[in-house]
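Okay, target.txt is below, compact mmCIF, N, CA and C atoms:
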# COMPACT_ATOMS: atom_id res chain seq x y z
N MET A 25 0.51 19.05 -18.65
CA MET A 25 0.55 18.44 -19.96
C MET A 25 0.12 16.97 -19.84
N ARG A 26 -0.65 16.52 -20.82
CA ARG A 26 -1.11 15.13 -20.83
C ARG A 26 0.05 14.19 -21.19
N LEU A 27 -0.03 12.97 -20.67
CA LEU A 27 1.02 11.98 -20.88
C LEU A 27 1.30 11.79 -22.37
N ILE A 28 0.29 11.68 -23.19
CA ILE A 28 0.47 11.42 -24.62
C ILE A 28 1.31 12.50 -25.29
N ASN A 29 1.27 13.72 -24.75
CA ASN A 29 2.01 14.83 -25.37
C ASN A 29 3.52 14.70 -25.23
N TYR A 30 3.99 13.82 -24.38
CA TYR A 30 5.42 13.58 -24.22
C TYR A 30 5.97 12.63 -25.29
N PHE A 31 5.08 12.00 -26.05
CA PHE A 31 5.48 11.00 -27.04
C PHE A 31 5.53 11.63 -28.44
N PRO A 32 6.73 11.73 -29.04
CA PRO A 32 6.81 12.28 -30.40
C PRO A 32 6.23 11.30 -31.43
N HIS A 33 6.16 11.77 -32.65
CA HIS A 33 5.61 11.01 -33.78
C HIS A 33 6.25 9.62 -33.87
N GLU A 34 5.39 8.62 -34.02
CA GLU A 34 5.81 7.22 -34.22
C GLU A 34 6.71 6.69 -33.10
N SER A 35 6.42 7.11 -31.87
CA SER A 35 7.26 6.67 -30.75
C SER A 35 6.59 5.57 -29.92
N ILE A 36 5.42 5.12 -30.34
CA ILE A 36 4.73 4.01 -29.67
C ILE A 36 4.69 2.85 -30.66
N THR A 37 5.47 1.79 -30.35
CA THR A 37 5.65 0.72 -31.32
C THR A 37 5.50 -0.66 -30.66
N ILE A 38 5.21 -1.63 -31.50
CA ILE A 38 5.21 -3.04 -31.10
C ILE A 38 6.24 -3.74 -31.97
N LYS A 39 7.12 -4.49 -31.33
CA LYS A 39 8.13 -5.27 -32.03
C LYS A 39 7.98 -6.73 -31.61
N HIS A 40 8.36 -7.63 -32.48
CA HIS A 40 8.25 -9.05 -32.15
C HIS A 40 9.19 -9.43 -31.02
N SER A 41 10.46 -9.04 -31.15
CA SER A 41 11.44 -9.43 -30.14
C SER A 41 12.72 -8.62 -30.32
N ALA A 42 13.61 -8.78 -29.39
CA ALA A 42 14.96 -8.22 -29.48
C ALA A 42 15.93 -9.36 -29.18
N HIS A 43 17.06 -9.38 -29.85
CA HIS A 43 18.04 -10.45 -29.64
C HIS A 43 18.65 -10.40 -28.24
N ASN A 44 18.77 -9.19 -27.69
CA ASN A 44 19.35 -9.01 -26.37
C ASN A 44 18.91 -7.65 -25.82
N TRP A 45 19.32 -7.35 -24.58
CA TRP A 45 18.86 -6.10 -23.97
C TRP A 45 19.42 -4.88 -24.69
N GLN A 46 20.61 -4.99 -25.29
CA GLN A 46 21.18 -3.87 -26.01
C GLN A 46 20.30 -3.50 -27.22
N GLU A 47 19.86 -4.53 -27.94
CA GLU A 47 18.98 -4.26 -29.09
C GLU A 47 17.63 -3.73 -28.60
N ALA A 48 17.16 -4.20 -27.46
CA ALA A 48 15.89 -3.69 -26.91
C ALA A 48 16.02 -2.19 -26.63
N ILE A 49 17.14 -1.76 -26.09
CA ILE A 49 17.35 -0.33 -25.85
C ILE A 49 17.39 0.43 -27.17
N ASP A 50 18.08 -0.12 -28.17
CA ASP A 50 18.12 0.53 -29.49
C ASP A 50 16.71 0.69 -30.06
N LEU A 51 15.90 -0.37 -29.98
CA LEU A 51 14.54 -0.31 -30.50
C LEU A 51 13.71 0.74 -29.76
N CYS A 52 13.86 0.74 -28.45
CA CYS A 52 13.08 1.64 -27.62
C CYS A 52 13.46 3.11 -27.85
N MET A 53 14.72 3.38 -28.04
CA MET A 53 15.19 4.77 -28.15
C MET A 53 15.21 5.29 -29.59
N ALA A 54 14.94 4.43 -30.57
CA ALA A 54 15.06 4.81 -31.99
C ALA A 54 14.22 6.02 -32.35
N SER A 55 12.98 6.07 -31.92
CA SER A 55 12.13 7.21 -32.30
C SER A 55 12.58 8.50 -31.63
N LEU A 56 13.10 8.41 -30.41
CA LEU A 56 13.61 9.62 -29.75
C LEU A 56 14.85 10.14 -30.48
N LEU A 57 15.67 9.22 -30.98
CA LEU A 57 16.82 9.61 -31.78
C LEU A 57 16.38 10.23 -33.11
N GLN A 58 15.46 9.58 -33.81
CA GLN A 58 14.99 10.06 -35.11
C GLN A 58 14.30 11.42 -35.00
N ASN A 59 13.64 11.68 -33.88
CA ASN A 59 12.93 12.95 -33.68
C ASN A 59 13.80 14.00 -32.98
N ALA A 60 15.10 13.73 -32.84
CA ALA A 60 16.08 14.65 -32.25
C ALA A 60 15.76 15.03 -30.81
N TYR A 61 15.26 14.05 -30.04
CA TYR A 61 15.09 14.24 -28.60
C TYR A 61 16.37 13.86 -27.86
N ILE A 62 17.15 12.98 -28.48
CA ILE A 62 18.42 12.50 -27.91
C ILE A 62 19.44 12.39 -29.03
N ASN A 63 20.71 12.20 -28.64
CA ASN A 63 21.74 11.88 -29.63
C ASN A 63 22.25 10.47 -29.36
N THR A 64 23.14 9.99 -30.20
CA THR A 64 23.62 8.60 -30.07
C THR A 64 24.40 8.39 -28.77
N HIS A 65 25.04 9.43 -28.28
CA HIS A 65 25.78 9.31 -27.01
C HIS A 65 24.83 8.94 -25.86
N TYR A 66 23.61 9.43 -25.90
CA TYR A 66 22.62 9.14 -24.86
C TYR A 66 22.34 7.63 -24.80
N ILE A 67 22.15 7.02 -25.95
CA ILE A 67 21.87 5.58 -26.02
C ILE A 67 23.07 4.79 -25.50
N GLN A 68 24.27 5.18 -25.91
CA GLN A 68 25.46 4.49 -25.44
C GLN A 68 25.64 4.66 -23.94
N SER A 69 25.26 5.81 -23.42
CA SER A 69 25.36 6.06 -21.98
C SER A 69 24.44 5.12 -21.20
N ILE A 70 23.25 4.87 -21.74
CA ILE A 70 22.33 3.91 -21.09
C ILE A 70 22.97 2.53 -21.05
N LYS A 71 23.53 2.11 -22.17
CA LYS A 71 24.16 0.79 -22.24
C LYS A 71 25.36 0.68 -21.30
N ASP A 72 26.21 1.72 -21.30
CA ASP A 72 27.38 1.71 -20.41
C ASP A 72 26.95 1.66 -18.95
N SER A 73 25.96 2.44 -18.60
CA SER A 73 25.48 2.48 -17.23
C SER A 73 24.86 1.14 -16.82
N THR A 74 24.19 0.49 -17.76
CA THR A 74 23.61 -0.82 -17.48
C THR A 74 24.71 -1.84 -17.20
N LEU A 75 25.76 -1.79 -17.99
CA LEU A 75 26.88 -2.70 -17.77
C LEU A 75 27.55 -2.45 -16.42
N ASN A 76 27.66 -1.19 -16.03
CA ASN A 76 28.34 -0.83 -14.78
C ASN A 76 27.46 -0.97 -13.54
N ASN A 77 26.16 -0.68 -13.68
CA ASN A 77 25.27 -0.61 -12.51
C ASN A 77 24.12 -1.60 -12.52
N GLY A 78 23.99 -2.36 -13.59
CA GLY A 78 22.85 -3.25 -13.72
C GLY A 78 21.64 -2.49 -14.26
N PRO A 79 20.54 -3.19 -14.50
CA PRO A 79 19.35 -2.55 -15.07
C PRO A 79 18.54 -1.80 -14.00
N TYR A 80 19.11 -0.67 -13.56
CA TYR A 80 18.53 0.16 -12.50
C TYR A 80 17.17 0.73 -12.86
N TYR A 81 16.80 0.66 -14.12
CA TYR A 81 15.58 1.29 -14.61
C TYR A 81 14.41 0.31 -14.74
N ILE A 82 14.55 -0.91 -14.22
CA ILE A 82 13.41 -1.82 -14.22
C ILE A 82 12.45 -1.35 -13.13
N LEU A 83 11.23 -0.99 -13.56
CA LEU A 83 10.24 -0.40 -12.65
C LEU A 83 9.39 -1.43 -11.95
N ALA A 84 9.09 -2.50 -12.65
CA ALA A 84 8.22 -3.56 -12.15
C ALA A 84 8.51 -4.79 -12.99
N PRO A 85 8.05 -5.96 -12.56
CA PRO A 85 8.28 -7.14 -13.40
C PRO A 85 7.75 -6.91 -14.82
N GLY A 86 8.65 -7.08 -15.79
CA GLY A 86 8.26 -6.93 -17.19
C GLY A 86 8.29 -5.52 -17.74
N VAL A 87 8.63 -4.52 -16.88
CA VAL A 87 8.58 -3.12 -17.31
C VAL A 87 9.90 -2.41 -16.99
N ALA A 88 10.45 -1.73 -18.00
CA ALA A 88 11.69 -0.98 -17.81
C ALA A 88 11.56 0.42 -18.40
N MET A 89 12.29 1.36 -17.80
CA MET A 89 12.34 2.73 -18.31
C MET A 89 13.80 3.14 -18.52
N PRO A 90 14.38 2.71 -19.65
CA PRO A 90 15.77 3.09 -19.92
C PRO A 90 15.92 4.60 -20.03
N HIS A 91 16.94 5.13 -19.38
CA HIS A 91 17.23 6.55 -19.42
C HIS A 91 18.66 6.79 -18.95
N ALA A 92 19.14 7.97 -19.22
CA ALA A 92 20.47 8.39 -18.77
C ALA A 92 20.35 9.81 -18.23
N ARG A 93 21.44 10.33 -17.74
CA ARG A 93 21.44 11.70 -17.21
C ARG A 93 21.28 12.71 -18.35
N PRO A 94 20.64 13.84 -18.08
CA PRO A 94 20.41 14.83 -19.14
C PRO A 94 21.68 15.25 -19.89
N GLU A 95 22.77 15.40 -19.18
CA GLU A 95 24.00 15.88 -19.81
C GLU A 95 24.66 14.84 -20.72
N HIS A 96 24.11 13.64 -20.78
CA HIS A 96 24.67 12.59 -21.64
C HIS A 96 24.04 12.54 -23.03
N GLY A 97 23.30 13.60 -23.38
CA GLY A 97 22.77 13.66 -24.74
C GLY A 97 21.28 13.81 -24.86
N ALA A 98 20.60 14.20 -23.79
CA ALA A 98 19.16 14.49 -23.88
C ALA A 98 19.00 15.90 -24.43
N LEU A 99 18.31 16.04 -25.55
CA LEU A 99 18.15 17.33 -26.20
C LEU A 99 16.78 17.95 -25.91
N LYS A 100 15.76 17.11 -25.79
CA LYS A 100 14.39 17.55 -25.47
C LYS A 100 13.78 16.51 -24.54
N THR A 101 12.80 16.92 -23.77
CA THR A 101 12.11 15.99 -22.88
C THR A 101 11.04 15.25 -23.67
N GLY A 102 11.07 13.92 -23.59
CA GLY A 102 10.09 13.11 -24.29
C GLY A 102 10.17 11.66 -23.87
N MET A 103 9.24 10.87 -24.39
CA MET A 103 9.17 9.46 -24.05
C MET A 103 8.87 8.64 -25.30
N SER A 104 9.20 7.36 -25.22
CA SER A 104 8.83 6.39 -26.24
C SER A 104 8.30 5.15 -25.52
N LEU A 105 7.57 4.35 -26.24
CA LEU A 105 7.06 3.10 -25.66
C LEU A 105 7.20 2.00 -26.69
N THR A 106 7.86 0.93 -26.28
CA THR A 106 8.03 -0.23 -27.15
C THR A 106 7.54 -1.46 -26.41
N LEU A 107 6.61 -2.16 -27.03
CA LEU A 107 6.11 -3.42 -26.50
C LEU A 107 6.76 -4.55 -27.28
N LEU A 108 7.49 -5.41 -26.58
CA LEU A 108 8.09 -6.58 -27.20
C LEU A 108 7.15 -7.77 -26.99
N LYS A 109 6.72 -8.40 -28.05
CA LYS A 109 5.85 -9.57 -27.93
C LYS A 109 6.55 -10.69 -27.16
N ASN A 110 7.84 -10.83 -27.41
CA ASN A 110 8.66 -11.79 -26.67
C ASN A 110 9.66 -10.98 -25.85
N GLY A 111 9.55 -11.06 -24.56
CA GLY A 111 10.38 -10.26 -23.68
C GLY A 111 11.86 -10.58 -23.78
N VAL A 112 12.66 -9.70 -23.24
CA VAL A 112 14.11 -9.85 -23.24
C VAL A 112 14.62 -9.71 -21.81
N ARG A 113 15.61 -10.50 -21.46
CA ARG A 113 16.17 -10.46 -20.10
C ARG A 113 17.29 -9.42 -20.03
N PHE A 114 17.24 -8.61 -18.99
CA PHE A 114 18.30 -7.63 -18.74
C PHE A 114 19.33 -8.19 -17.77
N SER A 115 18.92 -9.18 -16.99
CA SER A 115 19.84 -9.89 -16.12
C SER A 115 19.28 -11.28 -15.88
N ASN A 116 20.07 -12.17 -15.37
CA ASN A 116 19.60 -13.54 -15.11
C ASN A 116 18.60 -13.59 -13.98
N ASP A 117 18.60 -12.57 -13.12
CA ASP A 117 17.73 -12.58 -11.94
C ASP A 117 16.33 -12.06 -12.21
N ASP A 118 16.16 -11.26 -13.27
CA ASP A 118 14.88 -10.62 -13.52
C ASP A 118 14.08 -11.40 -14.56
N GLU A 119 12.75 -11.23 -14.48
CA GLU A 119 11.93 -11.84 -15.52
C GLU A 119 12.05 -11.00 -16.79
N PRO A 120 11.70 -11.57 -17.93
CA PRO A 120 11.85 -10.84 -19.19
C PRO A 120 11.05 -9.54 -19.21
N VAL A 121 11.64 -8.53 -19.81
CA VAL A 121 10.99 -7.23 -19.96
C VAL A 121 10.27 -7.22 -21.30
N LYS A 122 9.00 -6.83 -21.27
CA LYS A 122 8.20 -6.73 -22.49
C LYS A 122 7.86 -5.29 -22.82
N LEU A 123 7.75 -4.44 -21.80
CA LEU A 123 7.34 -3.05 -22.00
C LEU A 123 8.51 -2.14 -21.65
N LEU A 124 9.00 -1.42 -22.66
CA LEU A 124 10.11 -0.49 -22.46
C LEU A 124 9.61 0.92 -22.71
N ILE A 125 9.83 1.78 -21.75
CA ILE A 125 9.43 3.18 -21.84
C ILE A 125 10.71 4.00 -21.85
N GLY A 126 11.10 4.47 -23.01
CA GLY A 126 12.30 5.28 -23.12
C GLY A 126 12.03 6.68 -22.60
N LEU A 127 12.98 7.21 -21.86
CA LEU A 127 12.83 8.55 -21.29
C LEU A 127 14.02 9.41 -21.68
N SER A 128 13.72 10.59 -22.17
CA SER A 128 14.72 11.63 -22.39
C SER A 128 14.31 12.82 -21.55
N ALA A 129 15.12 13.15 -20.57
CA ALA A 129 14.85 14.30 -19.71
C ALA A 129 15.93 15.34 -19.97
N ALA A 130 15.55 16.44 -20.59
CA ALA A 130 16.52 17.45 -20.99
C ALA A 130 17.05 18.27 -19.80
N ASP A 131 16.35 18.21 -18.68
CA ASP A 131 16.77 18.92 -17.47
C ASP A 131 16.20 18.18 -16.27
N PRO A 132 16.56 18.58 -15.06
CA PRO A 132 16.12 17.82 -13.88
C PRO A 132 14.61 17.88 -13.59
N ASP A 133 13.87 18.83 -14.17
CA ASP A 133 12.48 19.03 -13.77
C ASP A 133 11.42 18.78 -14.83
N SER A 134 11.75 18.92 -16.12
CA SER A 134 10.73 18.94 -17.17
C SER A 134 9.97 17.64 -17.33
N HIS A 135 10.51 16.54 -16.82
CA HIS A 135 9.87 15.24 -17.01
C HIS A 135 9.03 14.81 -15.80
N ILE A 136 8.98 15.61 -14.75
CA ILE A 136 8.30 15.21 -13.52
C ILE A 136 6.82 14.90 -13.78
N GLY A 137 6.15 15.75 -14.53
CA GLY A 137 4.73 15.52 -14.84
C GLY A 137 4.51 14.23 -15.59
N ALA A 138 5.40 13.94 -16.52
CA ALA A 138 5.28 12.70 -17.29
C ALA A 138 5.45 11.49 -16.40
N ILE A 139 6.42 11.53 -15.50
CA ILE A 139 6.67 10.41 -14.59
C ILE A 139 5.47 10.21 -13.66
N GLN A 140 4.89 11.30 -13.18
CA GLN A 140 3.72 11.19 -12.30
C GLN A 140 2.54 10.55 -13.04
N ALA A 141 2.27 11.02 -14.25
CA ALA A 141 1.16 10.45 -15.03
C ALA A 141 1.41 8.99 -15.36
N LEU A 142 2.64 8.68 -15.70
CA LEU A 142 2.99 7.30 -16.02
C LEU A 142 2.86 6.41 -14.78
N SER A 143 3.31 6.91 -13.64
CA SER A 143 3.19 6.15 -12.39
C SER A 143 1.75 5.84 -12.05
N GLU A 144 0.88 6.82 -12.23
CA GLU A 144 -0.55 6.60 -11.99
C GLU A 144 -1.11 5.53 -12.92
N LEU A 145 -0.72 5.60 -14.19
CA LEU A 145 -1.18 4.61 -15.17
C LEU A 145 -0.71 3.21 -14.80
N LEU A 146 0.58 3.08 -14.48
CA LEU A 146 1.15 1.76 -14.22
C LEU A 146 0.81 1.22 -12.84
N SER A 147 0.35 2.07 -11.93
CA SER A 147 0.02 1.60 -10.58
C SER A 147 -1.26 0.76 -10.56
N GLU A 148 -2.06 0.88 -11.58
CA GLU A 148 -3.28 0.08 -11.71
C GLU A 148 -2.94 -1.21 -12.47
N ASN A 149 -3.09 -2.34 -11.80
CA ASN A 149 -2.72 -3.62 -12.42
C ASN A 149 -3.44 -3.87 -13.73
N GLU A 150 -4.70 -3.45 -13.83
CA GLU A 150 -5.44 -3.69 -15.06
C GLU A 150 -4.90 -2.85 -16.22
N ASN A 151 -4.39 -1.65 -15.93
CA ASN A 151 -3.77 -0.84 -16.99
C ASN A 151 -2.49 -1.48 -17.49
N LEU A 152 -1.68 -1.95 -16.57
CA LEU A 152 -0.44 -2.61 -16.96
C LEU A 152 -0.73 -3.87 -17.77
N ALA A 153 -1.70 -4.65 -17.34
CA ALA A 153 -2.08 -5.85 -18.08
C ALA A 153 -2.58 -5.49 -19.47
N ALA A 154 -3.36 -4.43 -19.56
CA ALA A 154 -3.88 -4.00 -20.86
C ALA A 154 -2.73 -3.60 -21.79
N LEU A 155 -1.77 -2.85 -21.27
CA LEU A 155 -0.61 -2.45 -22.08
C LEU A 155 0.15 -3.68 -22.57
N LEU A 156 0.41 -4.61 -21.67
CA LEU A 156 1.19 -5.80 -22.02
C LEU A 156 0.48 -6.72 -23.01
N ASN A 157 -0.84 -6.60 -23.08
CA ASN A 157 -1.62 -7.47 -23.96
C ASN A 157 -2.11 -6.80 -25.23
N CYS A 158 -1.69 -5.58 -25.49
CA CYS A 158 -2.10 -4.88 -26.71
C CYS A 158 -1.62 -5.65 -27.94
N GLN A 159 -2.44 -5.62 -28.97
CA GLN A 159 -2.10 -6.27 -30.23
C GLN A 159 -1.69 -5.28 -31.31
N THR A 160 -2.05 -4.00 -31.13
CA THR A 160 -1.74 -2.99 -32.14
C THR A 160 -1.17 -1.74 -31.48
N GLU A 161 -0.45 -0.98 -32.28
CA GLU A 161 0.09 0.29 -31.80
C GLU A 161 -1.03 1.27 -31.49
N LYS A 162 -2.14 1.16 -32.23
CA LYS A 162 -3.29 2.02 -31.97
C LYS A 162 -3.85 1.77 -30.57
N GLU A 163 -3.93 0.50 -30.17
CA GLU A 163 -4.41 0.18 -28.83
C GLU A 163 -3.49 0.77 -27.76
N LEU A 164 -2.18 0.63 -27.95
CA LEU A 164 -1.22 1.21 -27.01
C LEU A 164 -1.40 2.72 -26.92
N THR A 165 -1.51 3.36 -28.07
CA THR A 165 -1.66 4.82 -28.12
C THR A 165 -2.92 5.25 -27.39
N GLU A 166 -4.02 4.52 -27.58
CA GLU A 166 -5.28 4.89 -26.91
C GLU A 166 -5.16 4.81 -25.39
N ILE A 167 -4.46 3.81 -24.89
CA ILE A 167 -4.29 3.69 -23.44
C ILE A 167 -3.48 4.87 -22.91
N ILE A 168 -2.40 5.21 -23.60
CA ILE A 168 -1.58 6.36 -23.19
C ILE A 168 -2.38 7.64 -23.31
N ALA A 169 -3.13 7.80 -24.37
CA ALA A 169 -3.91 9.02 -24.59
C ALA A 169 -4.99 9.21 -23.53
N ASN A 170 -5.51 8.12 -23.00
CA ASN A 170 -6.56 8.21 -21.98
C ASN A 170 -6.03 8.29 -20.56
N ALA A 171 -4.72 8.25 -20.41
CA ALA A 171 -4.12 8.31 -19.06
C ALA A 171 -4.21 9.72 -18.49
Can you present the structure in this file as structure tokens?
Amino acid sequence: MRLINYFPHESITIKHSAHNWQEAIDLCMASLLQNAYINTHYIQSIKDSTLNNGPYYILAPGVAMPHARPEHGALKTGMSLTLLKNGVRFSNDDEPVKLLIGLSAADPDSHIGAIQALSELLSENENLAALLNCQTEKELTEIIANA
């Protein structure tokens, strides 16, 4: 399955900013919640786990993939992407996160293809730079669609 197929309707968004990391998670996971890929418990589980374990889902400087365990409210496998024009800090030690990729994995295996495709996309510095510098949701969608 192509990477773009993991993203439900209106799940690729650009937002100006988030007041804090909790709001960034809410913004990132909103489309997965609206499209019934997750329930509200899933979002709270991400926040609770972040408080207890730190932001374990930061993939690279400026990039995070918030997620929780499938049994915490993942209903379907899918992804969302939120670009924050002004990044948000998840801890004092990390640089601000601008690109949030929400992940809902309904079981231990269904998301493996998506993670592999995403890893290939993000492993190229020019792709990551292009994502971080997008001005429109259409531009973000095109990069994901061509991955």
Distance of atom CA of A:Met25 from atom C of A:Ala88, expressed in Å to one decimal place = 21.2 Å
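For the pair atom CA of A:Ile36 and atom N of A:Thr165, the interatomic distance is 6.5 Å.
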What separation in Å, quoted to one decimal, exists between atom N of A:Gln58 and atom N of A:Leu145?
-> 25.7 Å
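Closest approach to A:Ile70 among A:Pro90, A:Thr37, A:Leu127, A:Phe114: A:Pro90, based on all atoms listed in the file.
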Report the residues of chain A whose backbone DSSP state falls under helix (DSSP H, G or I), written as a PyMOL selection string.
-> chain A and resi 27-30+45-58+64-77+94-96+136-147+149-156+161-169
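Each of A:Ile38, A:Leu27, A:Ile125, A:Ala84 was checked against A:Met53 using only C-alpha atoms; the smallest atom-to-atom distance is that of A:Ile125.
Take the candidates A:Ser35, A:Asn149, A:Thr74, A:Ser128 and check each one against A:Ser55 using only N, CA and C atoms; the shortest distance goes to A:Ser35.
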If I only have part of stretch 51-63 of chain A, can you fill in N, CA, C and O atoms and write it as a PDB file, in the coordinates of the input?
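Output (out_34.pdb):
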ATOM      1  N   LEU A  51      15.900  -0.370 -29.980  1.00  0.00           N
ATOM      2  CA  LEU A  51      14.540  -0.310 -30.500  1.00  0.00           C
ATOM      3  C   LEU A  51      13.710   0.740 -29.760  1.00  0.00           C
ATOM      4  O   LEU A  51      12.975   1.512 -30.366  1.00  0.00           O
ATOM      5  N   CYS A  52      13.860   0.740 -28.450  1.00  0.00           N
ATOM      6  CA  CYS A  52      13.080   1.640 -27.620  1.00  0.00           C
ATOM      7  C   CYS A  52      13.460   3.110 -27.850  1.00  0.00           C
ATOM      8  O   CYS A  52      12.587   3.976 -27.859  1.00  0.00           O
ATOM      9  N   MET A  53      14.720   3.380 -28.040  1.00  0.00           N
ATOM     10  CA  MET A  53      15.190   4.770 -28.150  1.00  0.00           C
ATOM     11  C   MET A  53      15.210   5.290 -29.590  1.00  0.00           C
ATOM     12  O   MET A  53      15.448   6.470 -29.821  1.00  0.00           O
ATOM     13  N   ALA A  54      14.940   4.430 -30.570  1.00  0.00           N
ATOM     14  CA  ALA A  54      15.060   4.810 -31.990  1.00  0.00           C
ATOM     15  C   ALA A  54      14.220   6.020 -32.350  1.00  0.00           C
ATOM     16  O   ALA A  54      14.701   6.942 -33.031  1.00  0.00           O
ATOM     17  N   SER A  55      12.980   6.070 -31.920  1.00  0.00           N
ATOM     18  CA  SER A  55      12.130   7.210 -32.300  1.00  0.00           C
ATOM     19  C   SER A  55      12.580   8.500 -31.630  1.00  0.00           C
ATOM     20  O   SER A  55      12.468   9.573 -32.220  1.00  0.00           O
ATOM     21  N   LEU A  56      13.100   8.410 -30.410  1.00  0.00           N
ATOM     22  CA  LEU A  56      13.610   9.620 -29.750  1.00  0.00           C
ATOM     23  C   LEU A  56      14.850  10.140 -30.480  1.00  0.00           C
ATOM     24  O   LEU A  56      15.030  11.345 -30.627  1.00  0.00           O
ATOM     25  N   LEU A  57      15.670   9.220 -30.980  1.00  0.00           N
ATOM     26  CA  LEU A  57      16.820   9.610 -31.780  1.00  0.00           C
ATOM     27  C   LEU A  57      16.380  10.230 -33.110  1.00  0.00           C
ATOM     28  O   LEU A  57      16.852  11.301 -33.493  1.00  0.00           O
ATOM     29  N   GLN A  58      15.460   9.580 -33.810  1.00  0.00           N
ATOM     30  CA  GLN A  58      14.990  10.060 -35.110  1.00  0.00           C
ATOM     31  C   GLN A  58      14.300  11.420 -35.000  1.00  0.00           C
ATOM     32  O   GLN A  58      14.358  12.227 -35.927  1.00  0.00           O
ATOM     33  N   ASN A  59      13.640  11.680 -33.880  1.00  0.00           N
ATOM     34  CA  ASN A  59      12.930  12.950 -33.680  1.00  0.00           C
ATOM     35  C   ASN A  59      13.800  14.000 -32.980  1.00  0.00           C
ATOM     36  O   ASN A  59      13.286  15.028 -32.545  1.00  0.00           O
ATOM     37  N   ALA A  60      15.100  13.730 -32.840  1.00  0.00           N
ATOM     38  CA  ALA A  60      16.080  14.650 -32.250  1.00  0.00           C
ATOM     39  C   ALA A  60      15.760  15.030 -30.810  1.00  0.00           C
ATOM     40  O   ALA A  60      15.997  16.147 -30.384  1.00  0.00           O
ATOM     41  N   TYR A  61      15.260  14.050 -30.040  1.00  0.00           N
ATOM     42  CA  TYR A  61      15.090  14.240 -28.600  1.00  0.00           C
ATOM     43  C   TYR A  61      16.370  13.860 -27.860  1.00  0.00           C
ATOM     44  O   TYR A  61      16.603  14.315 -26.760  1.00  0.00           O
ATOM     45  N   ILE A  62      17.150  12.980 -28.480  1.00  0.00           N
ATOM     46  CA  ILE A  62      18.420  12.500 -27.910  1.00  0.00           C
ATOM     47  C   ILE A  62      19.440  12.390 -29.030  1.00  0.00           C
ATOM     48  O   ILE A  62      19.084  12.420 -30.215  1.00  0.00           O
ATOM     49  N   ASN A  63      20.710  12.200 -28.640  1.00  0.00           N
ATOM     50  CA  ASN A  63      21.740  11.880 -29.630  1.00  0.00           C
ATOM     51  C   ASN A  63      22.250  10.470 -29.360  1.00  0.00           C
ATOM     52  O   ASN A  63      21.824   9.810 -28.403  1.00  0.00           O
TER      53      ASN A  63
END
